[in-house]
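J.: Structure below; questions to follow.
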Amino acid sequence: MTNMNYETGAIGGGRHLELEGPVSTPRRRWIWIVVAVIVLALAGWLLFAPKKHEADQGAGAGTQVPNITVVVPGQQAVSRVISATGTLAARREMPVGVAGEGGMITRVLVEPGQWVRAGQVLATVDRSVQTQTASALNAQVSVAQSDQQIAQAELDRAQQLVDRGFISKADLQRRTATRDAAAARVRAAQATFREAQARNGRLDIRAPAEGLILTRAAEPGQIVSSGSGVLFRMAMGGQMELRAQLAEADLVGLSVGAPATVTPVGGDKSFKGEVWQVSPVIDPQTRQGVARVALSYDPALRPGGFAAATIRGGAGHAPVLPDSAIQSDDKGSFVYIVGADNKVARRDVKIGQVSDDGVTIASGLNGTERVVRSAGGFLAAGQLVRPILAGQEAK
């Protein structure tokens, strides 16, 4: 085979590269293959790299972690507020009836709702017979007094004559005894007359104490006696009370003196009072007891009416959250908390008192949790968030 020599141009410092035909052809082919691979790789990178970068950016935007404001409620001193309902009544109700022998009522001087003082006449009873009897007894007092005067005069004359010997000392003693007996008859007659006067005074139906007339069951012409029952009902001093029905659990820890606010049904006015008695007995059927709330007199408080009350039954410590943190569904109330891994978790809670300061959590939280303050409706359990403590949003 004839060897063919090729001369190339000078490369580098005038050196010549000599390629022999049978040897240079495979080597050139490999060079072109390497170049083609490099070109294809470069073209693929230029073609697909921007799309992958855009896809990565799109994926990153879809999985962006939201900023969520959280609060750590801690434990706050809160007062236990008990809601109750009950019936208004007189704190001390006084039934008034006939104290004397009775008779026919001639006048009724008061009406329900009227304020009376102690001893005031509520109704008068006919006393025509009793008046005549008293007059007769008064006359007997006068007779007895006249006898006493005669006996005293005779005794005085006897004392003047005894020294002269005209009357013996025995006669003087008899006259003294006669005078003393006459004086005793005077006292007896006077006592009988005063008794008749007292009986006549008891014919009138009087108020036993100052207070408010609640009911009236007496009319002119009515025949009454000691067995006639109650003719008037009074509230002593006008004092009222609410007999609030409370559950057994609410009575625990409730003490005398606890402040209360009472609002009668149908009215918008509230009245301040305080618990003055807590029932020592629980009804075994209803599992309820009675707390009696003392109230001052007011015309708007009508015995027998229905009223609602809020009673502050002592203080305790519990977490307090803003209303926006509380969520609810068919399972009950719950909040979202952020765990140590910054993931949202549901926590069921029991709500206690609701006030202007917030919502008291009766159970479910110990106060150290990071609770989502708001936007809970846009979160889901297990979602990753970036928690920001309330008060540090602007920092």
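Scheme for the structure tokens: letters A, B, ... for chains in order shown; per-chain residue numbers from 1; ligand numbers from 1 in order shown.
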Could you give me the residues within segment 200-372 of chain A that DSSP places in helix (DSSP H, G or I), as a list in words?
T.: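 Taking segment 200-372 of chain A and keeping helix (DSSP H, G or I) only, one gets Asn200, Gly201, Arg202, Leu203, Glu248, Ala249, Asp250, Leu251, Asp323, Ser324 and Ala325 of chain A.
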J.: Once you have the residues from the selection above, write them out as a short mmCIF file (atom, residue, chain, number, x, y, z; two decimals), in the first residue's frame, restricted to C-alpha atoms.
T.:
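out-v3.cif, freshly written:
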data_model
loop_
_atom_site.label_atom_id
_atom_site.label_comp_id
_atom_site.auth_asym_id
_atom_site.auth_seq_id
_atom_site.Cartn_x
_atom_site.Cartn_y
_atom_site.Cartn_z
CA ASN A 200 -110.89 47.19 122.10
CA GLY A 201 -107.52 48.31 120.75
CA ARG A 202 -106.88 44.82 119.41
CA LEU A 203 -110.08 44.98 117.45
CA GLU A 248 -75.24 21.46 92.65
CA ALA A 249 -71.89 22.23 91.02
CA ASP A 250 -72.57 25.99 91.07
CA LEU A 251 -73.30 25.93 94.80
CA ASP A 323 -62.96 35.83 70.94
CA SER A 324 -61.30 35.61 67.51
CA ALA A 325 -59.23 32.62 68.65
#
J.: For segment 96-102 of chain A, work out the shell of residues within 8 Å, counting only C-alpha atoms and skipping chain neighbours fewer than 4 positions away, then give it as a PyMOL selection string.
T.: chain A and resi 125+199+202-203+205-208+223-234
J.: If we count only C-alpha atoms and set the cut-off at 12 Å, which residues sit around Ala139 of chain A, ignoring sequence neighbours fewer than 4 positions away in its own chain? Please answer as a ChimeraX atom specification.
T.: /A:132-135,143-146,186,189-190,192-193
J.: Restricting it to N, CA and C atoms, dump the selection as a compact mmCIF listing (two decimals), in the first residue's frame.
T.:
# COMPACT_ATOMS: atom_id res chain seq x y z
N GLN A 132 -119.49 50.07 124.95
CA GLN A 132 -120.40 50.15 126.09
C GLN A 132 -119.87 49.38 127.30
N THR A 133 -119.28 48.25 127.03
CA THR A 133 -118.70 47.47 128.14
C THR A 133 -117.59 48.25 128.81
N ALA A 134 -116.76 48.90 128.04
CA ALA A 134 -115.68 49.70 128.61
C ALA A 134 -116.24 50.86 129.42
N SER A 135 -117.32 51.45 128.95
CA SER A 135 -117.93 52.56 129.71
C SER A 135 -118.44 52.07 131.05
N VAL A 143 -117.07 54.31 141.02
CA VAL A 143 -117.73 53.88 142.24
C VAL A 143 -116.70 53.43 143.28
N ALA A 144 -115.75 52.68 142.83
CA ALA A 144 -114.72 52.18 143.75
C ALA A 144 -113.91 53.33 144.32
N GLN A 145 -113.65 54.31 143.55
CA GLN A 145 -112.90 55.46 144.03
C GLN A 145 -113.72 56.25 145.07
N SER A 146 -115.04 56.35 144.84
CA SER A 146 -115.90 57.03 145.85
C SER A 146 -115.89 56.27 147.17
N VAL A 186 -110.54 49.75 143.97
CA VAL A 186 -110.25 50.77 142.93
C VAL A 186 -109.23 50.23 141.94
N ALA A 189 -110.80 47.59 139.72
CA ALA A 189 -111.69 48.17 138.71
C ALA A 189 -110.89 48.84 137.61
N GLN A 190 -109.83 49.51 137.99
CA GLN A 190 -108.99 50.16 136.97
C GLN A 190 -108.34 49.12 136.05
N THR A 192 -109.48 46.15 135.33
CA THR A 192 -110.50 45.60 134.44
C THR A 192 -110.83 46.56 133.31
N PHE A 193 -110.86 47.83 133.62
CA PHE A 193 -111.14 48.84 132.58
C PHE A 193 -110.01 48.89 131.55
J.: Do a neighbour search on segment 369-371 of chain A at 10 Å with only C-alpha atoms, toss out local chain neighbours closer than 3 positions, and write the hits as a list in words.
T.: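 Listing them by chain and then by number gives Ile68, Thr69, Val70, Val71, Val72, Pro73, Gly74, Leu321, Ala325, Ile326, Val335, Tyr336, Ile337, Val338, Gly339, Ala340, Asn342, Val344, Ala345, Arg346, Arg347, Leu365, Asn366, Ser374, Gly376, Pro387, Ile388 and Leu389 of chain A.
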J.: Skip segment 242-247 of chain A itself and residues of its chain fewer than 5 positions away, then list as an MDAnalysis selection string all residues within 7 Å of it, counting only C-alpha atoms.
T.: chainID A and resid 84:89 287:294
J.: Taking the backbone alone, and naming residues the way the document does, which bits of segment 109-342 of chain A are strand (DSSP E or B) by DSSP, as a PyMOL selection string?
T.: chain A and resi 115-116+121-125+205-206+211-216+223-224+232-236+240-247+259-264+271-278+288-295+306-318+320-321+327-329+332-338
J.: Using only C-alpha atoms, which of A:Arg386, A:Glu93, A:Gln140, A:Gln152 sits nearest Asp180 of chain A?
T.: A:Gln152
J.: List as a ChimeraX atom specification the protein and nucleic acid residues near Gln239 of chain A, meaning an atom at most 12 Å away when only C-alpha atoms are counted, but skip any in the same chain fewer than 5 places from it.
T.: /A:88-94,115,210-214,234,273,293-299,301-303
J.: Nearest to Ser142 of chain A among A:Ala170, A:Ala182, A:Val359, A:Ile105, with distances taken over only C-alpha atoms: which residue is it?
T.: A:Ala182
J.: For Ala260 of chain A, work out the shell of residues within 10 Å, counting only C-alpha atoms and skipping chain neighbours fewer than 4 positions away, then give it as a PDB file with N, CA and C atoms, in the first residue's frame.
T.:
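Done, and the output landed in selection.pdb:
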ATOM      1  N   VAL A  81     -68.391  33.471  87.399  1.00  0.00           N
ATOM      2  CA  VAL A  81     -69.703  34.084  87.238  1.00  0.00           C
ATOM      3  C   VAL A  81     -70.730  32.980  87.011  1.00  0.00           C
ATOM      4  N   ILE A  82     -71.766  32.994  87.830  1.00  0.00           N
ATOM      5  CA  ILE A  82     -72.821  31.977  87.764  1.00  0.00           C
ATOM      6  C   ILE A  82     -74.093  32.641  87.258  1.00  0.00           C
ATOM      7  N   SER A  83     -74.673  32.077  86.231  1.00  0.00           N
ATOM      8  CA  SER A  83     -75.954  32.562  85.720  1.00  0.00           C
ATOM      9  C   SER A  83     -77.071  31.721  86.323  1.00  0.00           C
ATOM     10  N   PHE A 271     -80.615  45.382  89.191  1.00  0.00           N
ATOM     11  CA  PHE A 271     -80.528  45.753  90.602  1.00  0.00           C
ATOM     12  C   PHE A 271     -79.373  45.004  91.248  1.00  0.00           C
ATOM     13  N   LYS A 272     -78.624  45.725  92.074  1.00  0.00           N
ATOM     14  CA  LYS A 272     -77.502  45.140  92.780  1.00  0.00           C
ATOM     15  C   LYS A 272     -77.983  44.479  94.071  1.00  0.00           C
ATOM     16  N   GLY A 273     -77.395  43.353  94.373  1.00  0.00           N
ATOM     17  CA  GLY A 273     -77.719  42.652  95.605  1.00  0.00           C
ATOM     18  C   GLY A 273     -76.565  41.764  96.013  1.00  0.00           C
ATOM     19  N   GLU A 274     -76.799  40.951  97.023  1.00  0.00           N
ATOM     20  CA  GLU A 274     -75.775  40.012  97.460  1.00  0.00           C
ATOM     21  C   GLU A 274     -76.448  38.780  98.052  1.00  0.00           C
ATOM     22  N   VAL A 275     -75.741  37.682  97.975  1.00  0.00           N
ATOM     23  CA  VAL A 275     -76.260  36.422  98.505  1.00  0.00           C
ATOM     24  C   VAL A 275     -76.257  36.499 100.034  1.00  0.00           C
ATOM     25  N   VAL A 293     -80.819  35.891  97.167  1.00  0.00           N
ATOM     26  CA  VAL A 293     -80.120  37.148  96.914  1.00  0.00           C
ATOM     27  C   VAL A 293     -80.946  38.293  97.490  1.00  0.00           C
ATOM     28  N   ALA A 294     -80.399  39.010  98.456  1.00  0.00           N
ATOM     29  CA  ALA A 294     -81.108  40.117  99.105  1.00  0.00           C
ATOM     30  C   ALA A 294     -81.094  41.345  98.208  1.00  0.00           C
ATOM     31  N   LEU A 295     -82.260  42.018  98.128  1.00  0.00           N
ATOM     32  CA  LEU A 295     -82.420  43.206  97.303  1.00  0.00           C
ATOM     33  C   LEU A 295     -83.116  44.297  98.122  1.00  0.00           C
ATOM     34  N   ALA A 309     -80.298  36.321  87.102  1.00  0.00           N
ATOM     35  CA  ALA A 309     -79.236  36.872  87.952  1.00  0.00           C
ATOM     36  C   ALA A 309     -77.885  36.353  87.501  1.00  0.00           C
ATOM     37  N   THR A 310     -76.879  37.184  87.687  1.00  0.00           N
ATOM     38  CA  THR A 310     -75.481  36.775  87.536  1.00  0.00           C
ATOM     39  C   THR A 310     -74.816  36.967  88.888  1.00  0.00           C
ATOM     40  N   ILE A 311     -74.230  35.899  89.384  1.00  0.00           N
ATOM     41  CA  ILE A 311     -73.624  35.893  90.709  1.00  0.00           C
ATOM     42  C   ILE A 311     -72.132  35.636  90.555  1.00  0.00           C
ATOM     43  N   ARG A 312     -71.337  36.485  91.179  1.00  0.00           N
ATOM     44  CA  ARG A 312     -69.883  36.282  91.169  1.00  0.00           C
ATOM     45  C   ARG A 312     -69.521  35.404  92.364  1.00  0.00           C
ATOM     46  N   GLY A 313     -69.148  34.174  92.037  1.00  0.00           N
ATOM     47  CA  GLY A 313     -68.962  33.190  93.098  1.00  0.00           C
ATOM     48  C   GLY A 313     -67.531  32.894  93.452  1.00  0.00           C
TER      49      GLY A 313
END
